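*Asks:* This structure is in structure tokens; I'll ask about it shortly.
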Protein chains: 2
Amino acid sequence: MKIEMESIGTIHTEFKEIEGMPIQPTGAKGIKGTVEIKDKYVDGLKDLKDFSHIHLIYLLHKVDGYKLEVKPFMDNTNHGVFATRSPKRPNRIGMSVVKLNKVEGNKVFIENVDILDGTPLLDIKPYVPQLYEDTIDELKIGWFETKHQKAKSQKSDNRFK
Amino acid sequence: MKIEMESIGTIHTEFKEIEGMPIQPTGAKGIKGTVEIKDKYVDGLKDLKDFSHIHLIYLLHKVDGYKLEVKPFMDNTNHGVFATRSPKRPNRIGMSVVKLNKVEGNKVFIENVDILDGTPLLDIKPYVPQLYEDTIDELKIGWFETKHQKAKSQKSDNRFK
């Protein structure tokens with residue numbers, strides 16, 4: 001079954017190449033960007049301005065192919081790609097929680113952006129942890145447990161090109 | 001730009017039709033399901049078992065077309081589709097945080113599942129709020145502010161068929 005999608009807009013940021021980018025929102029604090037929504041989808045932005053944070057779902061368009069086991073930026077051992085946020089993944093879907101500063105016409109102004117310039121946007125969803133957080137009693141984050149602090153400073157390199 | 005994707009597996013649940021389904025994980029507590037991953041992607045599951053919760057990203061395959069303004073299950077007024085989790089959205093991408101019970105071969109056993117049986121899976125990502133939660137100082141959740149409690153009991157109807 002082939003699934004066809006079309007971008008609903010484009011994400012503009014200061015990151016023109018993968019090398020040197022922050023790899024997670026926690027490493028991208030204060031970095032601003034803009035989402036430009038295609039005219040035909042602008043009416044879908046109604047009331048989005050009332051949210052402080054949104055999920056962006058996008059295509060990791062600069063990545064070629066995938067690897068099922070990867071050594072992520074934050075660790076020195078291999079993990080299954082679905083246990084990582086590695087961009088070299090089947091379907092190349094990326095997801096970030098970003099701060100929403102304002103909405104003006106077809107432009108959405110965002111902050112804490114760990115996304116490459118020119119990235120095709122697939123979807124925006126409101127960030128509402130109230131819809132699931134009471135289902136989380138005990139949280140285990142696997143190999144990130146001892147590594148996640150690195151996300152604040154670790155930058156991207158060319159390993160996933 | 002046309003974007004092609006292919007499912008990496010299928011989500012199996014007790015929900016054979018949209019009507020009567022829980023609409024959010026908070027309304028699906030204890031409801032179990034299984035994800036069956038295609039053989040060629042099974043190696044990507046390595047180390048996933050060490051996580052207690054995962055993001056599933058999937059195709060809302062039973063939905064036809066989209067509406068830019070929708071009246072969600074939890075409210076009586078229209079909102080832009082990107083300010084809702086309405087399934088009638090461009091690209092029909094769904095996303096849920098579910099509990100991970102175990103991984104056996106190509107099967108991932110999950111809980112708190114608000115997903116239709118037979119849903120094509122596009123991606124699995126580990127649920128690691130540590131990677132972004134320190135970028136969230138003040139959270140505003142728009143129209144959900146006074147409505148999100150409804151997600152615990154509200155069931156789906158046929159409005160998005």
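Scheme for the structure tokens: letters A, B, ... for chains in order shown; per-chain residue numbers from 1; ligand numbers from 1 in order shown.
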Enumerate, as JSON, numbers by chain, the complete set of residues in stretch 5-158 of chain B that a backbone-based DSSP assignment places in helix (DSSP H, G or I).

*Replies:* {"B": [25, 26, 27, 39, 40, 41, 42, 43, 44, 45, 48, 49, 50, 81, 82, 83, 90, 91, 92, 129, 130, 131, 133, 134, 135, 142, 143, 144, 145, 146, 148, 149, 150, 151, 152]}

*Asks:* Put those residues in a file: C-alpha atoms, as a compact mmCIF listing (two decimals), in the first residue's frame.

*Replies:*
```txt
# COMPACT_ATOMS: atom_id res chain seq x y z
CA PRO B 25 -5.38 7.95 25.31
CA THR B 26 -6.83 9.35 28.57
CA GLY B 27 -10.16 7.75 27.57
CA ASP B 39 9.73 -8.40 8.90
CA LYS B 40 12.11 -6.12 7.03
CA TYR B 41 11.89 -3.48 9.77
CA VAL B 42 12.11 -5.73 12.86
CA ASP B 43 15.79 -4.94 13.52
CA GLY B 44 14.73 -1.34 14.12
CA LEU B 45 13.00 -2.45 17.35
CA LEU B 48 12.71 -0.35 22.32
CA LYS B 49 11.68 -2.64 25.20
CA ASP B 50 13.59 -0.38 27.63
CA VAL B 81 -8.13 21.66 12.00
CA PHE B 82 -4.50 22.30 13.06
CA ALA B 83 -5.79 23.45 16.47
CA PRO B 90 -4.52 17.07 5.35
CA ASN B 91 -2.20 14.03 5.13
CA ARG B 92 -4.37 12.15 7.67
CA PRO B 129 9.78 14.47 27.38
CA GLN B 130 13.21 15.29 28.83
CA LEU B 131 14.25 16.32 25.31
CA GLU B 133 10.11 19.88 28.53
CA ASP B 134 12.66 22.38 29.83
CA THR B 135 11.71 24.61 26.88
CA GLY B 142 -6.31 27.04 23.87
CA TRP B 143 -9.88 25.73 23.67
CA PHE B 144 -8.87 22.49 25.42
CA GLU B 145 -8.43 24.50 28.66
CA THR B 146 -12.05 24.04 29.72
CA HIS B 148 -9.94 18.42 28.08
CA GLN B 149 -11.60 16.61 30.98
CA LYS B 150 -14.20 15.41 28.48
CA ALA B 151 -11.56 13.28 26.78
CA LYS B 152 -11.76 10.78 29.63
```

*Asks:* With only C-alpha atoms as the counted atoms, please give the residues lying no more than 10 Å from A:Ile31, apart from itself and same-chain residues fewer than 6 positions off, as a list in words.

*Replies:*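 The filter keeps Thr13, Glu14, Pro22, Pro25, Ile110, Glu111, Asn112, Val113 and Asp114 of chain A.
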
*Asks:* Show me, as a compact mmCIF listing (two decimals) with all heavy atoms, in the first residue's frame, the residues that have an atom within 12 Å of stretch 61-67 of chain B when counting only C-alpha atoms, minus same-chain residues fewer than 5 positions from it.

*Replies:*
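Output saved as around36.txt:
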```txt
# COMPACT_ATOMS: atom_id res chain seq x y z
N MET A 1 0.84 -1.21 0.00
CA MET A 1 0.00 0.00 0.00
C MET A 1 0.87 1.26 0.00
O MET A 1 1.61 1.52 0.95
CB MET A 1 -0.87 0.00 1.27
CG MET A 1 -1.75 1.23 1.42
SD MET A 1 -2.35 1.34 3.14
CE MET A 1 -3.56 2.65 3.00
N LYS A 2 0.82 1.99 -1.07
CA LYS A 2 1.57 3.24 -1.18
C LYS A 2 0.72 4.37 -0.59
O LYS A 2 -0.47 4.45 -0.82
CB LYS A 2 1.88 3.57 -2.64
CG LYS A 2 3.02 2.74 -3.21
CD LYS A 2 4.39 3.28 -2.80
CE LYS A 2 5.50 2.34 -3.23
NZ LYS A 2 6.63 2.31 -2.33
N ILE A 3 1.36 5.22 0.18
CA ILE A 3 0.67 6.33 0.82
C ILE A 3 1.24 7.61 0.25
O ILE A 3 2.46 7.81 0.25
CB ILE A 3 0.89 6.27 2.35
CG1 ILE A 3 0.32 4.96 2.89
CG2 ILE A 3 0.27 7.49 3.01
CD1 ILE A 3 0.87 4.58 4.25
N GLU A 4 0.38 8.49 -0.25
CA GLU A 4 0.86 9.75 -0.83
C GLU A 4 0.55 10.91 0.09
O GLU A 4 -0.57 11.03 0.60
CB GLU A 4 0.19 9.98 -2.19
CG GLU A 4 0.87 9.23 -3.30
CD GLU A 4 0.83 10.01 -4.62
OE1 GLU A 4 0.08 10.99 -4.71
OE2 GLU A 4 1.55 9.61 -5.54
N LYS A 40 -3.95 27.44 0.53
CA LYS A 40 -5.17 26.63 0.57
C LYS A 40 -5.42 26.00 1.93
O LYS A 40 -6.52 25.50 2.18
CB LYS A 40 -5.15 25.57 -0.53
CG LYS A 40 -4.09 24.49 -0.38
CD LYS A 40 -4.26 23.44 -1.51
CE LYS A 40 -3.15 22.41 -1.46
NZ LYS A 40 -3.29 21.34 -2.44
N TYR A 41 -4.43 26.03 2.82
CA TYR A 41 -4.60 25.42 4.15
C TYR A 41 -4.71 26.45 5.28
O TYR A 41 -4.84 26.08 6.45
CB TYR A 41 -3.43 24.48 4.46
CG TYR A 41 -3.33 23.29 3.53
CD1 TYR A 41 -2.17 23.04 2.80
CD2 TYR A 41 -4.40 22.39 3.40
CE1 TYR A 41 -2.07 21.95 1.95
CE2 TYR A 41 -4.31 21.30 2.55
CZ TYR A 41 -3.14 21.09 1.83
OH TYR A 41 -3.05 20.00 0.99
N VAL A 42 -4.63 27.75 4.93
CA VAL A 42 -4.55 28.79 5.97
C VAL A 42 -5.76 28.77 6.92
O VAL A 42 -5.60 28.99 8.13
CB VAL A 42 -4.38 30.18 5.32
CG1 VAL A 42 -4.58 31.28 6.35
CG2 VAL A 42 -2.98 30.29 4.71
N ASP A 43 -6.94 28.47 6.41
CA ASP A 43 -8.12 28.46 7.30
C ASP A 43 -7.99 27.42 8.41
O ASP A 43 -8.66 27.52 9.43
CB ASP A 43 -9.40 28.19 6.49
CG ASP A 43 -9.78 29.40 5.63
OD1 ASP A 43 -9.21 30.50 5.85
OD2 ASP A 43 -10.64 29.24 4.75
N GLY A 44 -7.12 26.43 8.23
CA GLY A 44 -6.92 25.42 9.27
C GLY A 44 -6.17 25.94 10.48
O GLY A 44 -6.05 25.24 11.50
N LEU A 45 -5.65 27.19 10.39
CA LEU A 45 -4.88 27.77 11.51
C LEU A 45 -5.77 28.48 12.54
O LEU A 45 -5.26 28.89 13.60
CB LEU A 45 -3.86 28.78 10.98
CG LEU A 45 -2.78 28.22 10.04
CD1 LEU A 45 -1.90 29.36 9.53
CD2 LEU A 45 -1.93 27.17 10.76
N SER B 7 3.67 1.83 4.85
CA SER B 7 3.50 1.48 6.26
C SER B 7 4.63 0.56 6.71
O SER B 7 5.14 -0.24 5.94
CB SER B 7 2.14 0.81 6.49
OG SER B 7 2.19 -0.53 6.07
N THR B 10 1.25 -2.77 11.08
CA THR B 10 -0.19 -2.58 11.27
C THR B 10 -0.53 -2.61 12.75
O THR B 10 0.02 -3.41 13.50
CB THR B 10 -0.97 -3.70 10.55
OG1 THR B 10 -0.56 -3.74 9.18
CG2 THR B 10 -2.47 -3.47 10.60
N ILE B 11 -1.44 -1.72 13.15
CA ILE B 11 -1.88 -1.67 14.55
C ILE B 11 -3.18 -2.47 14.69
O ILE B 11 -4.14 -2.24 13.96
CB ILE B 11 -2.10 -0.21 14.98
CG1 ILE B 11 -0.81 0.60 14.75
CG2 ILE B 11 -2.53 -0.13 16.46
CD1 ILE B 11 -0.98 2.11 14.91
N LYS B 16 -13.22 -2.04 15.89
CA LYS B 16 -13.41 -2.41 14.49
C LYS B 16 -14.11 -1.31 13.69
O LYS B 16 -14.13 -1.35 12.47
CB LYS B 16 -14.24 -3.71 14.39
CG LYS B 16 -13.68 -4.86 15.25
CD LYS B 16 -12.27 -5.28 14.88
CE LYS B 16 -11.74 -6.38 15.80
NZ LYS B 16 -10.29 -6.56 15.73
N GLU B 17 -14.75 -0.37 14.37
CA GLU B 17 -15.32 0.77 13.68
C GLU B 17 -15.15 2.04 14.50
O GLU B 17 -14.94 1.98 15.71
CB GLU B 17 -16.80 0.53 13.37
CG GLU B 17 -17.61 0.01 14.53
CD GLU B 17 -19.03 -0.32 14.10
OE1 GLU B 17 -19.18 -1.05 13.09
OE2 GLU B 17 -19.96 0.19 14.75
N ILE B 18 -15.22 3.17 13.79
CA ILE B 18 -14.91 4.45 14.42
C ILE B 18 -15.92 4.78 15.53
O ILE B 18 -15.56 5.24 16.61
CB ILE B 18 -14.89 5.57 13.34
CG1 ILE B 18 -13.72 5.31 12.37
CG2 ILE B 18 -14.76 6.93 13.99
CD1 ILE B 18 -13.69 6.24 11.17
N GLU B 19 -17.19 4.52 15.27
CA GLU B 19 -18.22 4.90 16.23
C GLU B 19 -18.02 4.18 17.56
O GLU B 19 -17.82 2.97 17.61
CB GLU B 19 -19.61 4.58 15.66
CG GLU B 19 -20.70 5.36 16.34
CD GLU B 19 -22.04 5.25 15.61
OE1 GLU B 19 -22.10 4.66 14.51
OE2 GLU B 19 -23.03 5.74 16.17
N PRO B 72 -14.81 19.72 16.96
CA PRO B 72 -14.27 18.48 17.54
C PRO B 72 -15.27 17.81 18.48
O PRO B 72 -16.25 18.42 18.90
CB PRO B 72 -13.03 18.95 18.29
CG PRO B 72 -13.04 20.43 18.31
CD PRO B 72 -14.17 20.93 17.48
N ASN B 78 -16.54 25.69 16.07
CA ASN B 78 -15.55 25.33 15.06
C ASN B 78 -14.15 25.82 15.43
O ASN B 78 -14.00 26.91 15.98
CB ASN B 78 -15.92 25.97 13.72
CG ASN B 78 -16.90 25.11 12.95
OD1 ASN B 78 -17.07 23.93 13.26
ND2 ASN B 78 -17.54 25.70 11.96
N HIS B 79 -13.15 25.00 15.12
CA HIS B 79 -11.76 25.41 15.27
C HIS B 79 -11.02 25.02 14.00
O HIS B 79 -11.43 24.10 13.28
CB HIS B 79 -11.11 24.71 16.47
CG HIS B 79 -11.82 24.98 17.76
ND1 HIS B 79 -11.74 26.20 18.41
CD2 HIS B 79 -12.63 24.21 18.52
CE1 HIS B 79 -12.47 26.14 19.52
NE2 HIS B 79 -13.02 24.96 19.60
N GLY B 80 -9.91 25.69 13.74
CA GLY B 80 -9.06 25.28 12.62
C GLY B 80 -8.55 23.87 12.88
O GLY B 80 -8.25 23.51 14.01
N VAL B 81 -8.48 23.08 11.83
CA VAL B 81 -8.13 21.66 12.00
C VAL B 81 -6.77 21.48 12.68
O VAL B 81 -6.57 20.54 13.45
CB VAL B 81 -8.20 20.92 10.65
CG1 VAL B 81 -7.11 21.43 9.68
CG2 VAL B 81 -8.09 19.41 10.83
N PHE B 82 -5.84 22.44 12.46
CA PHE B 82 -4.50 22.30 13.06
C PHE B 82 -4.50 22.65 14.55
O PHE B 82 -3.51 22.43 15.24
CB PHE B 82 -3.48 23.14 12.30
CG PHE B 82 -3.37 22.76 10.84
CD1 PHE B 82 -3.57 23.70 9.84
CD2 PHE B 82 -3.10 21.45 10.48
CE1 PHE B 82 -3.49 23.35 8.50
CE2 PHE B 82 -3.03 21.07 9.14
CZ PHE B 82 -3.22 22.03 8.15
N THR B 84 -6.77 21.21 16.41
CA THR B 84 -7.51 20.06 16.92
C THR B 84 -6.76 18.77 16.59
O THR B 84 -5.78 18.78 15.84
CB THR B 84 -8.90 19.94 16.26
OG1 THR B 84 -8.75 19.41 14.94
CG2 THR B 84 -9.62 21.27 16.20
N SER B 86 -8.63 16.42 15.19
CA SER B 86 -9.57 15.85 14.22
C SER B 86 -8.86 14.99 13.18
O SER B 86 -7.83 15.37 12.63
CB SER B 86 -10.30 16.97 13.49
OG SER B 86 -10.88 16.46 12.29
N PRO B 87 -9.41 13.81 12.91
CA PRO B 87 -8.79 12.94 11.89
C PRO B 87 -8.98 13.44 10.46
O PRO B 87 -8.23 13.04 9.57
CB PRO B 87 -9.50 11.60 12.09
CG PRO B 87 -10.79 11.93 12.78
CD PRO B 87 -10.55 13.17 13.58
N LYS B 88 -9.96 14.29 10.23
CA LYS B 88 -10.22 14.78 8.87
C LYS B 88 -9.26 15.91 8.56
O LYS B 88 -9.64 17.08 8.50
CB LYS B 88 -11.66 15.26 8.76
CG LYS B 88 -12.54 14.36 7.91
CD LYS B 88 -13.93 14.90 7.76
CE LYS B 88 -14.55 14.59 6.42
NZ LYS B 88 -14.57 13.19 6.02
N ARG B 89 -7.96 15.57 8.40
CA ARG B 89 -6.93 16.59 8.25
C ARG B 89 -6.07 16.28 7.02
O ARG B 89 -5.96 15.13 6.59
CB ARG B 89 -6.09 16.66 9.51
CG ARG B 89 -5.42 15.35 9.88
CD ARG B 89 -4.96 15.31 11.35
NE ARG B 89 -4.16 16.44 11.75
CZ ARG B 89 -4.51 17.29 12.74
NH1 ARG B 89 -5.62 17.09 13.45
NH2 ARG B 89 -3.75 18.30 13.05
N PRO B 90 -5.44 17.33 6.45
CA PRO B 90 -4.52 17.07 5.35
C PRO B 90 -3.49 16.03 5.77
O PRO B 90 -3.01 16.06 6.90
CB PRO B 90 -3.86 18.44 5.13
CG PRO B 90 -4.85 19.43 5.66
CD PRO B 90 -5.53 18.76 6.80
N ASN B 91 -3.18 15.11 4.91
CA ASN B 91 -2.20 14.03 5.13
C ASN B 91 -2.64 12.96 6.13
O ASN B 91 -1.95 11.95 6.28
CB ASN B 91 -0.82 14.59 5.52
CG ASN B 91 -0.17 15.35 4.40
OD1 ASN B 91 -0.29 14.95 3.24
ND2 ASN B 91 0.49 16.44 4.71
N ARG B 92 -3.74 13.18 6.82
CA ARG B 92 -4.37 12.15 7.67
C ARG B 92 -3.39 11.48 8.63
O ARG B 92 -3.43 10.26 8.81
CB ARG B 92 -5.02 11.07 6.78
CG ARG B 92 -6.04 11.59 5.82
CD ARG B 92 -6.75 10.45 5.12
NE ARG B 92 -5.85 9.66 4.29
CZ ARG B 92 -6.15 8.50 3.72
NH1 ARG B 92 -7.35 7.99 3.89
NH2 ARG B 92 -5.28 7.84 2.99
N ILE B 93 -2.49 12.26 9.20
CA ILE B 93 -1.52 11.68 10.14
C ILE B 93 -2.09 11.70 11.55
O ILE B 93 -2.56 12.73 12.02
CB ILE B 93 -0.19 12.47 10.10
CG1 ILE B 93 0.48 12.32 8.74
CG2 ILE B 93 0.75 11.99 11.21
CD1 ILE B 93 1.73 13.18 8.58
N GLY B 94 -2.08 10.56 12.21
CA GLY B 94 -2.48 10.46 13.60
C GLY B 94 -1.27 10.20 14.48
O GLY B 94 -0.25 9.67 14.01
N ILE B 115 -6.87 3.79 18.96
CA ILE B 115 -6.57 3.66 17.53
C ILE B 115 -7.44 2.55 16.92
O ILE B 115 -7.69 1.53 17.55
CB ILE B 115 -5.07 3.32 17.35
CG1 ILE B 115 -4.20 4.40 18.02
CG2 ILE B 115 -4.72 3.20 15.87
CD1 ILE B 115 -2.72 4.04 18.12
N LEU B 116 -7.87 2.76 15.69
CA LEU B 116 -8.72 1.82 14.97
C LEU B 116 -7.94 0.58 14.54
O LEU B 116 -6.78 0.68 14.14
CB LEU B 116 -9.29 2.53 13.74
CG LEU B 116 -10.50 1.93 13.04
CD1 LEU B 116 -11.73 1.97 13.95
CD2 LEU B 116 -10.80 2.68 11.74
N ASP B 117 -8.60 -0.57 14.61
CA ASP B 117 -7.98 -1.82 14.14
C ASP B 117 -7.60 -1.73 12.66
O ASP B 117 -8.37 -1.21 11.84
CB ASP B 117 -8.97 -2.98 14.33
CG ASP B 117 -8.33 -4.32 14.03
OD1 ASP B 117 -7.23 -4.59 14.55
OD2 ASP B 117 -8.92 -5.09 13.26
N GLY B 118 -6.43 -2.23 12.33
CA GLY B 118 -6.00 -2.25 10.93
C GLY B 118 -5.26 -1.00 10.49
O GLY B 118 -4.91 -0.86 9.31
N THR B 119 -5.02 -0.10 11.42
CA THR B 119 -4.37 1.18 11.08
C THR B 119 -2.92 0.97 10.63
O THR B 119 -2.15 0.32 11.32
CB THR B 119 -4.40 2.11 12.32
OG1 THR B 119 -5.76 2.46 12.59
CG2 THR B 119 -3.60 3.37 12.08
N PRO B 120 -2.56 1.54 9.47
CA PRO B 120 -1.18 1.43 8.99
C PRO B 120 -0.24 2.31 9.83
O PRO B 120 -0.48 3.51 9.98
CB PRO B 120 -1.25 1.95 7.55
CG PRO B 120 -2.71 1.98 7.20
CD PRO B 120 -3.44 2.18 8.49
N LEU B 121 0.81 1.70 10.33
CA LEU B 121 1.79 2.43 11.15
C LEU B 121 2.86 3.05 10.26
O LEU B 121 3.39 2.39 9.35
CB LEU B 121 2.45 1.46 12.14
CG LEU B 121 3.45 2.06 13.12
CD1 LEU B 121 2.77 3.01 14.09
CD2 LEU B 121 4.18 0.96 13.88
N LEU B 122 3.21 4.31 10.53
CA LEU B 122 4.24 5.00 9.75
C LEU B 122 5.57 5.11 10.49
O LEU B 122 6.64 5.10 9.88
CB LEU B 122 3.76 6.42 9.38
CG LEU B 122 2.50 6.49 8.53
CD1 LEU B 122 2.08 7.93 8.35
CD2 LEU B 122 2.72 5.82 7.18
N ASN B 158 -19.93 9.41 14.29
CA ASN B 158 -19.60 9.28 12.86
C ASN B 158 -19.29 10.59 12.15
O ASN B 158 -19.21 10.63 10.93
CB ASN B 158 -20.75 8.57 12.14
CG ASN B 158 -20.62 7.07 12.29
OD1 ASN B 158 -19.50 6.56 12.25
ND2 ASN B 158 -21.71 6.37 12.49
N ARG B 159 -19.08 11.65 12.91
CA ARG B 159 -18.96 12.95 12.25
C ARG B 159 -17.76 13.07 11.32
O ARG B 159 -17.76 13.89 10.42
CB ARG B 159 -18.97 14.08 13.28
CG ARG B 159 -17.67 14.29 14.00
CD ARG B 159 -17.78 15.40 15.01
NE ARG B 159 -18.57 14.96 16.16
CZ ARG B 159 -18.84 15.75 17.20
NH1 ARG B 159 -18.44 17.00 17.20
NH2 ARG B 159 -19.52 15.30 18.23
N PHE B 160 -16.74 12.27 11.56
CA PHE B 160 -15.53 12.40 10.73
C PHE B 160 -15.38 11.27 9.71
O PHE B 160 -14.32 11.04 9.16
CB PHE B 160 -14.27 12.50 11.60
CG PHE B 160 -14.24 13.73 12.45
CD1 PHE B 160 -14.09 13.65 13.81
CD2 PHE B 160 -14.37 14.98 11.87
CE1 PHE B 160 -14.04 14.79 14.60
CE2 PHE B 160 -14.34 16.13 12.64
CZ PHE B 160 -14.17 16.03 14.00
N LYS B 161 -16.46 10.55 9.50
CA LYS B 161 -16.38 9.43 8.57
C LYS B 161 -16.11 9.91 7.15
O LYS B 161 -16.54 10.99 6.79
CB LYS B 161 -17.69 8.65 8.59
CG LYS B 161 -17.39 7.17 8.69
CD LYS B 161 -18.65 6.37 8.79
CE LYS B 161 -18.32 4.88 8.84
NZ LYS B 161 -19.50 4.11 9.14
```

*Asks:* Using only C-alpha atoms, find the one residue out of B:Glu138, B:Val103, B:Val98, B:Lys46 that sits nearest to A:Val70.

*Replies:* B:Lys46

*Asks:* How would you write, as a PyMOL selection string, the set of residues in stretch 24-96 of chain B that DSSP gives as strand (DSSP E or B)?

*Replies:* chain B and resi 32-37+51+53-59+69-70+79-80+93-96
